[in-house]
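Only one structure is covered here, and it is reproduced in the block below.
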Protein chains: 2
Amino acid sequence: MANTARLISALADPTRRAVLEKLKDGPRPVGEIARGLPVTRPAVSQHLKVLKEAGLVIDRSVGTRRIYYIDPKGLGTMRAWLDQFWDSALDAFKLAAEVEAEKAAKKDHE
Amino acid sequence: MANTARLISALADPTRRAVLEKLKDGPRPVGEIARGLPVTRPAVSQHLKVLKEAGLVIDRSVGTRRIYYIDPKGLGTMRAWLDQFWDSALDAFKLAAEVEAEKAAKKDHE
DNA sequence: CTCATTGGTTAGCCTAGACTAACGGTAAGT
DNA sequence: ACTTACCGTTAGTCTAGGCTAACCAATGAG
């Protein structure tokens, strides 16, 4: 998956996570998102562009305002990547633990 | 959860993900991890330090070598954070879709 | 004891990207 | 037409952090 990198780096920025945190409770216009955040509105606008390209948000124009939603698609692929990673890593961990146990057993009776 | 930020920023770097990808198949010493990567060994060592502080790897000294394992704990908390986020975001998305459907229905019979 | 191997650490350089200021563009109200 | 509100974009600055080179510490072999 190529855009996994884009997804993770999009989630890496604290301001961007704060934006998503606000959107978690429902759709919001840009101005309302920027209110309460320690950055200016253009900064929020740039972050929303990154989040959109990563597939984490969707936008919709209503009059002069632009409403942003969370896109479940992005979170889904992120979850899939993490799950795939988690499974094989856990297998490797168990295997390593078993190998260690065998080594310890061999050491015992010598 | 405070170290979620540290976890995500640790996963954000491509080199660090490549290191984890190598460790996914089993424990490796530092030199073997660095072999095949486009960076020098000290760079890998620095990345391993970050991954260790984030709770993503564990290390164990064997003679003059240092073996690195993947720590399932870090991946677990990462998964928990993502799940929590995913659930409430999906709820918000469904709610927004319903509101939109009601608006459309109202528009229909006027 | 000497030397080779394996790794962690530091200083310094350099690029990616987060931020603000200023501007332009569009929709609604008067 | 004029004004106000809301938003995206660009130029430019500045900091965080990734990289290498050089150095030091520890272990094992001879």
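If you're wondering about the labels, chains in the structure tokens are A, B, ... by order shown, residues count from 1 in each chain, ligands from 1 in order shown.
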
Residues flagged helix (DSSP H, G or I) by DSSP in chain B, as an MDAnalysis selection string: chainID B and resid 4:12 14:23 30:34 41:53 72:108

Go ahead and write the residues just picked, C-alpha atoms, as a compact mmCIF listing (two decimals), in the first residue's frame.
```txt
# COMPACT_ATOMS: atom_id res chain seq x y z
CA THR B 4 0.45 8.06 21.53
CA ALA B 5 2.07 11.11 19.98
CA ARG B 6 5.49 9.58 20.43
CA LEU B 7 4.25 6.32 18.91
CA ILE B 8 2.85 7.91 15.78
CA SER B 9 5.82 10.17 15.17
CA ALA B 10 8.05 7.13 15.60
CA LEU B 11 6.08 5.30 12.92
CA ALA B 12 6.08 8.35 10.67
CA PRO B 14 10.17 5.73 6.43
CA THR B 15 13.55 4.45 7.59
CA ARG B 16 12.07 3.51 10.93
CA ARG B 17 9.26 1.62 9.23
CA ALA B 18 11.87 -0.21 7.13
CA VAL B 19 13.65 -1.21 10.33
CA LEU B 20 10.42 -2.56 11.80
CA GLU B 21 9.74 -4.35 8.55
CA LYS B 22 13.03 -6.22 8.91
CA LEU B 23 12.30 -6.99 12.55
CA VAL B 30 22.05 -3.83 14.52
CA GLY B 31 24.59 -4.54 11.80
CA GLU B 32 22.29 -6.91 10.01
CA ILE B 33 19.47 -4.38 10.15
CA ALA B 34 21.66 -1.66 8.69
CA ARG B 41 24.76 2.11 10.97
CA PRO B 42 24.80 5.07 13.38
CA ALA B 43 21.62 6.32 11.75
CA VAL B 44 19.99 2.95 12.37
CA SER B 45 21.20 3.07 15.95
CA GLN B 46 19.52 6.43 16.46
CA HIS B 47 16.30 5.15 14.96
CA LEU B 48 16.37 2.12 17.23
CA LYS B 49 16.70 4.43 20.21
CA VAL B 50 13.58 6.30 19.14
CA LEU B 51 11.68 3.06 18.52
CA LYS B 52 12.73 1.80 21.94
CA GLU B 53 11.55 4.97 23.69
CA PRO B 72 3.97 -6.04 20.82
CA LYS B 73 3.07 -3.61 23.58
CA GLY B 74 3.64 -0.53 21.42
CA LEU B 75 1.63 -1.91 18.53
CA GLY B 76 -1.13 -2.78 20.99
CA THR B 77 -1.58 0.73 22.37
CA MET B 78 -1.39 2.09 18.83
CA ARG B 79 -4.19 -0.22 17.81
CA ALA B 80 -6.25 0.76 20.83
CA TRP B 81 -5.93 4.44 20.00
CA LEU B 82 -6.91 3.87 16.39
CA ASP B 83 -9.90 1.73 17.37
CA GLN B 84 -11.22 4.32 19.79
CA PHE B 85 -10.86 6.95 17.12
CA TRP B 86 -12.41 4.78 14.45
CA ASP B 87 -15.55 4.01 16.47
CA SER B 88 -16.59 7.54 17.34
CA ALA B 89 -15.65 8.83 13.90
CA LEU B 90 -17.84 6.21 12.26
CA ASP B 91 -20.73 7.18 14.52
CA ALA B 92 -20.33 10.83 13.57
CA PHE B 93 -20.22 9.88 9.91
CA LYS B 94 -23.41 7.86 10.09
CA LEU B 95 -25.18 10.63 11.99
CA ALA B 96 -24.15 13.20 9.40
CA ALA B 97 -25.39 10.94 6.61
CA GLU B 98 -28.78 10.62 8.31
CA VAL B 99 -29.10 14.36 8.77
CA GLU B 100 -28.32 14.81 5.09
CA ALA B 101 -30.93 12.23 4.13
CA GLU B 102 -33.58 14.05 6.16
CA LYS B 103 -32.67 17.35 4.55
CA ALA B 104 -32.98 15.79 1.11
CA ALA B 105 -36.37 14.31 1.97
CA LYS B 106 -37.64 17.69 3.12
CA LYS B 107 -36.43 19.27 -0.09
CA ASP B 108 -38.26 16.63 -2.11
```

Exercise answer, chain A residues close to chain C, 9 Å and only C-alpha atoms (C1' of nucleotides), as a PyMOL selection string: chain A and resi 39-40+42-43+63-65

Residues from last step as file, C-alpha atoms, as a PDB file, in the first residue's frame:
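So the final result, stored in part-v3.pdb, reads:
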```pdb
ATOM      1  CA  VAL A  39      -2.740  28.472  14.994  1.00  0.00           C
ATOM      2  CA  THR A  40      -4.239  30.782  12.375  1.00  0.00           C
ATOM      3  CA  PRO A  42      -4.727  29.514   6.904  1.00  0.00           C
ATOM      4  CA  ALA A  43      -2.648  26.986   8.816  1.00  0.00           C
ATOM      5  CA  GLY A  63     -22.759  28.718   0.401  1.00  0.00           C
ATOM      6  CA  THR A  64     -19.631  30.600   1.334  1.00  0.00           C
ATOM      7  CA  ARG A  65     -18.647  27.999   3.867  1.00  0.00           C
TER       8      ARG A  65
END
```

RMSD after least-squares fit, chain A onto chain B [all C-alpha atoms, in order]: 0.1 Å

Between CA of Val62 (chain A) and C1' of DT3 (chain D) - distance in Å to one decimal: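 We find that C1' of DT3 (chain D) and CA of Val62 (chain A) lie 20.7 Å from each other.
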
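CA of Tyr68 (chain B) to CA of Arg28 (chain B) spans 5.5 Å [interatomic distance, one decimal].
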
Which chain D residues have any atom within 9 Å of an atom of chain A, and for each, what is the nearest pair of atoms with distance in Å to one decimal, counting only C-alpha atoms (C1' of nucleotides), rows sorted by chain and number, as CSV?
```
residue,atom,partner,partner_atom,distance
D:DA5,C1',A:Thr64,CA,8.1
D:DC6,C1',A:Arg65,CA,5.8
D:DC7,C1',A:Arg65,CA,7.2
D:DG8,C1',A:Ser45,CA,7.2
```

Pick from B:Ser61, B:Leu37, B:Pro27, B:Ile67 nearest to chain A, counting only C-alpha atoms: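 Looking at the shortest contact to chain A, the residue is B:Pro27.
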
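Straight-line separation from CA of Asn3 (chain A) to CA of Val57 (chain A): 14.6 Å.
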